[in-house]
file run08.tsv (TSV, C-alpha atoms and all ligand atoms)
chain	number	residue	atom	x	y	z
A	204	MET	CA	-96.36	63.91	39.82
A	205	ARG	CA	-95.26	60.31	39.19
A	206	ASP	CA	-96.58	57.60	41.53
A	207	ASP	CA	-93.16	56.93	43.03
A	208	ALA	CA	-92.43	60.61	43.64
A	209	LEU	CA	-95.88	61.01	45.15
A	210	ALA	CA	-95.32	57.96	47.34
A	211	GLY	CA	-92.02	59.38	48.58
A	212	LYS	CA	-93.75	62.65	49.43
A	213	LYS	CA	-96.68	60.93	51.13
A	214	SER	CA	-94.46	58.81	53.37
A	215	GLY	CA	-92.31	61.76	54.43
A	216	GLY	CA	-89.51	60.72	52.05
A	217	ARG	CA	-89.21	57.36	53.77
A	218	LYS	CA	-88.75	54.26	51.62
A	219	LEU	CA	-91.01	51.62	53.02
A	220	VAL	CA	-90.89	47.87	53.36
A	221	ILE	CA	-94.02	46.38	51.82
A	222	ALA	CA	-94.42	42.74	52.90
A	223	ILE	CA	-96.73	40.49	50.91
A	224	ASP	CA	-97.32	36.98	52.18
A	225	GLY	CA	-99.69	34.27	51.10
A	226	PRO	CA	-100.00	30.75	49.73
A	227	ALA	CA	-99.09	29.61	46.23
A	228	GLY	CA	-101.47	30.80	43.52
A	229	SER	CA	-102.88	33.68	45.58
A	230	GLY	CA	-101.47	36.15	43.05
A	231	LYS	CA	-98.81	37.67	45.27
A	232	SER	CA	-96.02	37.62	42.67
A	233	THR	CA	-98.15	39.50	40.17
A	234	LEU	CA	-99.30	41.98	42.79
A	235	ALA	CA	-95.76	42.50	44.13
A	236	ALA	CA	-94.40	43.17	40.63
A	237	LEU	CA	-97.15	45.73	39.91
A	238	LEU	CA	-96.65	47.51	43.22
A	239	ALA	CA	-92.88	47.59	42.78
A	240	ARG	CA	-93.34	49.17	39.36
A	241	LYS	CA	-95.89	51.69	40.62
A	242	TYR	CA	-93.70	52.96	43.47
A	243	ASN	CA	-90.35	52.35	41.79
A	244	TYR	CA	-89.41	49.92	44.55
A	245	THR	CA	-87.30	46.77	44.24
A	246	ASN	CA	-89.28	43.57	43.95
A	247	ILE	CA	-87.88	40.61	45.88
A	248	GLU	CA	-89.50	37.21	45.34
A	249	THR	CA	-88.14	35.22	48.25
A	250	GLY	CA	-89.61	31.97	46.88
A	251	ALA	CA	-87.10	32.24	44.03
A	252	MET	CA	-84.29	32.12	46.57
A	253	TYR	CA	-85.63	28.88	48.08
A	254	ARG	CA	-86.09	27.53	44.57
A	255	ALA	CA	-82.48	28.38	43.63
A	256	LEU	CA	-81.14	26.53	46.67
A	257	ALA	CA	-83.42	23.55	45.97
A	258	PHE	CA	-82.16	23.48	42.38
A	259	LYS	CA	-78.57	23.49	43.58
A	260	ALA	CA	-79.32	20.70	46.07
A	261	MET	CA	-80.90	18.59	43.32
A	262	GLN	CA	-77.94	19.17	41.04
A	263	SER	CA	-75.42	18.26	43.70
A	264	GLY	CA	-77.36	15.18	44.77
A	265	ALA	CA	-77.87	16.45	48.33
A	266	SER	CA	-80.76	14.91	50.23
A	267	LEU	CA	-83.63	17.35	50.72
A	268	ASN	CA	-83.97	15.99	54.26
A	269	ASP	CA	-80.37	16.68	55.24
A	270	GLU	CA	-80.55	20.01	57.03
A	271	LYS	CA	-76.83	20.26	57.79
A	272	THR	CA	-75.73	19.63	54.20
A	273	LEU	CA	-78.36	22.04	52.85
A	274	ALA	CA	-77.28	24.79	55.25
A	275	ALA	CA	-73.63	24.23	54.26
A	276	LEU	CA	-74.67	24.38	50.61
A	277	ALA	CA	-76.48	27.68	51.25
A	278	ASP	CA	-73.37	29.05	52.95
A	279	LYS	CA	-71.37	28.38	49.80
A	280	SER	CA	-74.02	29.91	47.50
A	281	ARG	CA	-74.51	33.32	45.99
A	282	ILE	CA	-78.17	33.89	45.15
A	283	GLU	CA	-79.04	37.21	43.53
A	284	LEU	CA	-82.18	38.70	42.02
A	285	VAL	CA	-81.26	40.96	39.15
A	286	PRO	CA	-83.95	43.42	38.02
A	287	ASN	CA	-85.04	43.08	34.41
A	288	PRO	CA	-87.94	44.76	32.58
A	289	ALA	CA	-89.57	41.34	32.03
A	290	GLY	CA	-89.16	40.33	35.70
A	291	ASN	CA	-86.20	39.57	37.93
A	292	ARG	CA	-83.54	37.15	36.75
A	293	VAL	CA	-82.34	34.69	39.36
A	294	MET	CA	-78.57	34.27	39.48
A	295	LEU	CA	-77.04	31.31	41.28
A	296	ASP	CA	-73.28	31.52	41.76
A	297	GLY	CA	-73.12	33.86	38.78
A	298	ASP	CA	-75.27	31.73	36.43
A	299	ASP	CA	-78.73	32.73	35.26
A	300	VAL	CA	-80.94	29.83	36.44
A	301	THR	CA	-84.31	31.60	36.06
A	302	GLU	CA	-85.63	29.17	33.47
A	303	CYS	CA	-84.74	26.13	35.60
A	304	LEU	CA	-86.76	27.09	38.64
A	305	ARG	CA	-90.43	26.68	37.67
A	306	SER	CA	-90.55	22.92	37.08
A	307	GLN	CA	-92.72	20.77	39.32
A	308	ALA	CA	-89.64	19.00	40.70
A	309	VAL	CA	-87.97	22.26	41.78
A	310	THR	CA	-91.28	23.61	43.12
A	311	ASP	CA	-91.71	20.57	45.30
A	312	ALA	CA	-88.05	20.54	46.37
A	313	ALA	CA	-88.22	24.24	47.35
A	314	SER	CA	-91.06	23.52	49.72
A	315	LYS	CA	-89.06	20.63	51.22
A	316	VAL	CA	-85.82	22.57	51.75
A	317	SER	CA	-87.79	25.44	53.28
A	318	VAL	CA	-88.87	23.39	56.32
A	319	HIS	CA	-85.34	23.30	57.77
A	320	PRO	CA	-84.63	25.95	60.43
A	321	ALA	CA	-80.96	26.31	59.42
A	322	VAL	CA	-81.94	26.94	55.79
A	323	ARG	CA	-84.56	29.49	56.88
A	324	GLU	CA	-82.04	31.24	59.10
A	325	TRP	CA	-79.69	31.67	56.15
A	326	MET	CA	-82.50	32.90	53.91
A	327	VAL	CA	-83.88	35.35	56.48
A	328	ALA	CA	-80.41	36.85	57.04
A	329	ALA	CA	-79.88	37.21	53.28
A	330	GLN	CA	-83.34	38.74	52.79
A	331	ARG	CA	-82.87	41.24	55.63
A	332	LYS	CA	-79.61	42.34	54.07
A	333	ILE	CA	-81.24	42.83	50.65
A	334	GLY	CA	-84.11	44.85	52.13
A	335	ALA	CA	-82.13	46.82	54.70
A	336	GLY	CA	-82.49	50.19	52.96
A	337	GLY	CA	-86.27	49.90	52.44
A	338	GLY	CA	-87.91	50.77	49.14
A	339	ILE	CA	-88.80	47.12	48.60
A	340	VAL	CA	-91.81	44.97	47.95
A	341	MET	CA	-90.85	41.58	49.37
A	342	GLU	CA	-93.13	38.61	48.85
A	343	GLY	CA	-93.09	35.17	50.40
A	344	ARG	CA	-94.53	33.25	53.34
A	345	ASP	CA	-92.85	34.77	56.41
A	346	ILE	CA	-91.98	38.32	55.43
A	347	GLY	CA	-94.43	40.07	57.76
A	348	THR	CA	-93.96	37.58	60.59
A	349	LYS	CA	-90.24	36.89	60.54
A	350	VAL	CA	-88.10	38.65	57.94
A	351	PHE	CA	-89.47	42.17	58.49
A	352	PRO	CA	-91.80	42.04	61.51
A	353	ASP	CA	-91.61	45.87	61.57
A	354	ALA	CA	-92.55	46.31	57.90
A	355	GLU	CA	-94.63	49.45	57.45
A	356	VAL	CA	-97.11	47.63	55.20
A	357	LYS	CA	-98.15	43.98	55.57
A	358	ILE	CA	-100.59	42.34	53.22
A	359	PHE	CA	-101.70	38.71	53.41
A	360	LEU	CA	-103.15	37.65	50.09
A	361	ASP	CA	-105.28	34.52	50.03
A	362	ALA	CA	-107.84	32.78	47.81
A	363	ALA	CA	-109.88	29.57	47.92
A	364	PRO	CA	-107.68	26.51	47.22
A	365	GLU	CA	-109.64	25.46	44.11
A	366	ILE	CA	-109.24	28.92	42.58
A	367	ARG	CA	-105.52	28.98	43.35
A	368	GLY	CA	-105.11	25.50	41.86
A	369	THR	CA	-106.87	26.49	38.66
A	370	ARG	CA	-104.81	29.68	38.35
A	371	ARG	CA	-101.59	27.70	38.88
A	372	PHE	CA	-102.65	25.18	36.25
A	373	GLN	CA	-103.28	27.95	33.74
A	374	GLN	CA	-99.77	29.34	34.36
A	375	SER	CA	-98.08	25.91	34.32
A	376	PRO	CA	-95.63	24.82	31.67
A	377	ALA	CA	-97.19	22.92	28.76
A	378	ALA	CA	-95.90	19.70	30.32
A	379	ALA	CA	-98.54	19.91	33.05
A	380	THR	CA	-101.59	18.41	31.39
A	381	HIS	CA	-103.63	17.35	34.39
A	382	GLU	CA	-105.35	20.09	36.29
A	383	ALA	CA	-106.21	17.67	39.09
A	384	SER	CA	-102.55	16.83	39.70
A	385	VAL	CA	-101.53	20.53	39.74
A	386	VAL	CA	-104.29	21.20	42.28
A	387	ALA	CA	-103.27	18.18	44.39
A	388	GLU	CA	-99.62	19.23	44.38
A	389	LEU	CA	-100.55	22.77	45.38
A	390	GLN	CA	-102.64	21.50	48.27
A	391	ALA	CA	-99.85	19.19	49.47
A	392	ARG	CA	-97.38	22.07	49.32
A	393	ASP	CA	-99.83	24.36	51.11
A	394	HIS	CA	-100.19	21.84	53.87
A	395	ARG	CA	-96.40	21.54	54.24
A	396	ASP	CA	-95.92	25.34	54.19
A	397	ARG	CA	-98.70	25.94	56.73
A	398	THR	CA	-97.86	23.17	59.20
A	399	ARG	CA	-94.05	23.26	59.33
A	400	ALA	CA	-92.76	23.91	62.84
A	401	ASN	CA	-90.51	26.81	61.85
A	402	SER	CA	-92.14	30.03	60.52
A	403	PRO	CA	-95.25	28.39	59.08
A	404	LEU	CA	-97.27	30.34	56.54
A	405	GLU	CA	-99.68	32.47	58.57
A	406	PRO	CA	-100.80	36.08	58.52
A	407	ALA	CA	-98.96	38.47	60.85
A	408	ALA	CA	-101.30	39.75	63.56
A	409	ASP	CA	-101.18	43.22	62.00
A	410	ALA	CA	-101.42	42.16	58.33
A	411	VAL	CA	-104.32	43.34	56.17
A	412	LEU	CA	-106.03	40.32	54.66
A	413	ILE	CA	-107.07	40.46	51.00
A	414	ASP	CA	-109.08	37.51	49.71
A	415	SER	CA	-108.71	37.45	45.94
A	416	THR	CA	-111.16	34.57	45.35
A	417	TYR	CA	-113.79	36.81	43.75
A	418	LEU	CA	-111.60	39.78	42.83
A	419	THR	CA	-110.02	40.71	39.53
A	420	LEU	CA	-106.35	41.64	39.45
A	421	ASP	CA	-107.31	45.33	39.11
A	422	GLN	CA	-109.49	45.08	42.20
A	423	VAL	CA	-106.73	43.41	44.21
A	424	LEU	CA	-104.27	46.08	43.08
A	425	ALA	CA	-106.69	48.89	43.97
A	426	ARG	CA	-107.24	47.45	47.45
A	427	ALA	CA	-103.48	47.03	48.03
A	428	VAL	CA	-102.81	50.61	46.89
A	429	GLU	CA	-105.52	51.82	49.28
A	430	VAL	CA	-103.81	49.96	52.16
A	431	ILE	CA	-100.36	51.31	51.24
A	432	GLU	CA	-101.47	54.90	50.79
A	433	SER	CA	-103.39	54.94	54.02
A	434	ARG	CA	-100.22	53.71	55.80
A	435	MET	CA	-98.19	56.38	54.00
A	436	SER	CA	-100.54	59.15	55.13
A	437	HIS	CA	-100.43	57.81	58.65
A	438	ILE	CA	-96.60	57.81	58.64
A	439	GLN	CA	-96.52	61.34	57.25
A	440	GLU	CA	-98.93	62.56	59.93
A	441	SER	CA	-96.91	60.95	62.74
A	442	GLU	CA	-93.68	62.41	61.38
A	443	MET	CA	-95.19	65.88	61.20
A	444	GLN	CA	-96.32	65.61	64.81
A	445	ALA	CA	-92.92	64.38	66.02
A	501	LIG	O1	-93.42	31.49	46.32
A	501	LIG	P1	-92.87	30.21	45.69
A	501	LIG	O2	-93.94	29.30	45.18
A	501	LIG	O3	-91.84	30.50	44.65
A	501	LIG	O4	-92.13	29.44	46.90
A	501	LIG	C1	-91.53	28.19	46.76
A	501	LIG	C2	-91.44	27.51	48.13
A	501	LIG	O5	-90.53	28.23	48.96
A	501	LIG	C3	-92.74	27.47	48.94
A	501	LIG	O6	-93.41	26.23	48.79
A	501	LIG	C4	-92.34	27.66	50.35
A	501	LIG	C5	-90.99	28.28	50.30
A	501	LIG	N1	-90.96	29.66	50.76
A	501	LIG	C6	-90.86	29.87	52.12
A	501	LIG	O7	-90.90	28.91	52.90
A	501	LIG	N2	-90.73	31.12	52.61
A	501	LIG	C7	-90.71	32.17	51.79
A	501	LIG	N3	-90.56	33.41	52.30
A	501	LIG	C8	-90.84	31.98	50.38
A	501	LIG	C9	-90.98	30.70	49.91

call {"tool": "encode", "arguments": {"input": "run08.tsv", "output": "structure tokens"}}
result
Amino acid sequence: MRDDALAGKKSGGRKLVIAIDGPAGSGKSTLAALLARKYNYTNIETGAMYRALAFKAMQSGASLNDEKTLAALADKSRIELVPNPAGNRVMLDGDDVTECLRSQAVTDAASKVSVHPAVREWMVAAQRKIGAGGGIVMEGRDIGTKVFPDAEVKIFLDAAPEIRGTRRFQQSPAAATHEASVVAELQARDHRDRTRANSPLEPAADAVLIDSTYLTLDQVLARAVEVIESRMSHIQESEMQA
């Protein structure tokens, strides 16, 4: 039986919400994409939504500190993640902006726009709508704490800052030539994401922590699958008893 069919059977036919949170460079995007493929779920990278809004703000000249203008900009925006075999495409108001979102400037701007409560409110509402039917792997910073506090599976993926910085540097566009500056930027962004007043990056009380510092991708995947399948069996058992 295929993994997705087996998963459906194991969870009593229910399509789950799998929440993956963690800091930049922890490997959550890679893990989320692999899990989504394995269970035939939809993969939602919420960071891409913040990036798309940041990109729009930069293009329109809006100040990244102006919460009201940013929230109004979000209200007028259509941000969609369109599945594609090579990874989701990010559509902003009907245009494919995927290739514009990974630059250092947009990365930094996304972290800045994400501190504003009104922006977060808009994003959380949009993300809840996208994930309403379940059958999703949603990754970000506040999925298990805020967007889907009742998610059936919550994983918090972390790794030592130096390791995350090095990984990010290796994935950076050719323009990034200084590892030290990529690491410094990542640490500054981490600090902003973890200390903002509204929905800071932190593990949900009931999240399973996976530290990928000394793990290979296969080991991280195996551990995540173990967590998911144990939750699925638990759900199936409770549904049979009900
Ligand atoms: O995951 P990412 O690097 O693409 O995220 C870009 C920024 O967006 C990140 O610095 C913080 C913000 N973000 C957030 O605040 N909440 C989320 N659920 C996802 C991303």

call {"tool": "closest_residue", "arguments": {"input": "run08.tsv", "among": "A:Ala227, A:Ala328, A:Val220, A:Ala235", "to": "Val385 of chain A", "atoms": "only C-alpha atoms"}}
result
A:Ala227

call {"tool": "axis_aligned_box", "arguments": {"input": "run08.tsv", "around": "segment 263-279 of chain A", "padding_each_side": "5 Å", "output": "JSON"}}
result
{"center_x": -77.7, "center_y": 22.0, "center_z": 50.7, "size_x": 22.6, "size_y": 24.1, "size_z": 24.1}

call {"tool": "closest_atom_pairs", "arguments": {"input": "run08.tsv", "of": "chain A", "to": "ligand LIG 501 (chain A)", "cutoff": "8 Å", "atoms": "all atoms listed in the file", "output": "tab-separated table"}}
result
residue	atom	partner	partner_atom	distance
A:Asp224	CA	A:LIG501	N3	7.6
A:Pro226	CA	A:LIG501	O1	7.4
A:Ala227	CA	A:LIG501	O2	5.3
A:Gly228	CA	A:LIG501	O2	7.9
A:Ser232	CA	A:LIG501	O1	7.6
A:Glu248	CA	A:LIG501	O1	7.0
A:Thr249	CA	A:LIG501	C8	4.7
A:Gly250	CA	A:LIG501	O3	3.5
A:Ala251	CA	A:LIG501	O3	5.1
A:Met252	CA	A:LIG501	C8	7.6
A:Tyr253	CA	A:LIG501	O5	5.0
A:Arg254	CA	A:LIG501	C1	5.9
A:Thr310	CA	A:LIG501	C1	5.9
A:Asp311	CA	A:LIG501	O6	6.9
A:Ala312	CA	A:LIG501	C2	7.9
A:Ala313	CA	A:LIG501	C2	4.7
A:Ser314	CA	A:LIG501	O6	3.7
A:Lys315	CA	A:LIG501	O6	7.5
A:Val316	CA	A:LIG501	C5	7.8
A:Ser317	CA	A:LIG501	O7	4.7
A:Val318	CA	A:LIG501	O7	6.8
A:Arg323	CA	A:LIG501	O7	7.5
A:Glu342	CA	A:LIG501	N3	6.7
A:Gly343	CA	A:LIG501	N3	3.6
A:Arg344	CA	A:LIG501	N3	4.1
A:Asp345	CA	A:LIG501	N3	4.9
A:Ile346	CA	A:LIG501	N3	6.0
A:Arg392	CA	A:LIG501	O6	5.8
A:Asp393	CA	A:LIG501	O6	7.1
A:Arg395	CA	A:LIG501	O6	7.8
A:Asp396	CA	A:LIG501	C4	5.7
A:Ser402	CA	A:LIG501	O7	7.8
A:Pro403	CA	A:LIG501	O7	7.6
A:Leu404	CA	A:LIG501	O7	7.5

call {"tool": "atom_distance", "arguments": {"input": "run08.tsv", "atom1": "atom CA of Ala425 of chain A", "atom2": "atom CA of Glu442 of chain A"}}
result
25.6 Å

call {"tool": "closest_residue", "arguments": {"input": "run08.tsv", "among": "A:Arg331, A:Arg371, A:Arg217, A:Lys259", "to": "Arg281 of chain A", "atoms": "all atoms listed in the file"}}
result
A:Lys259
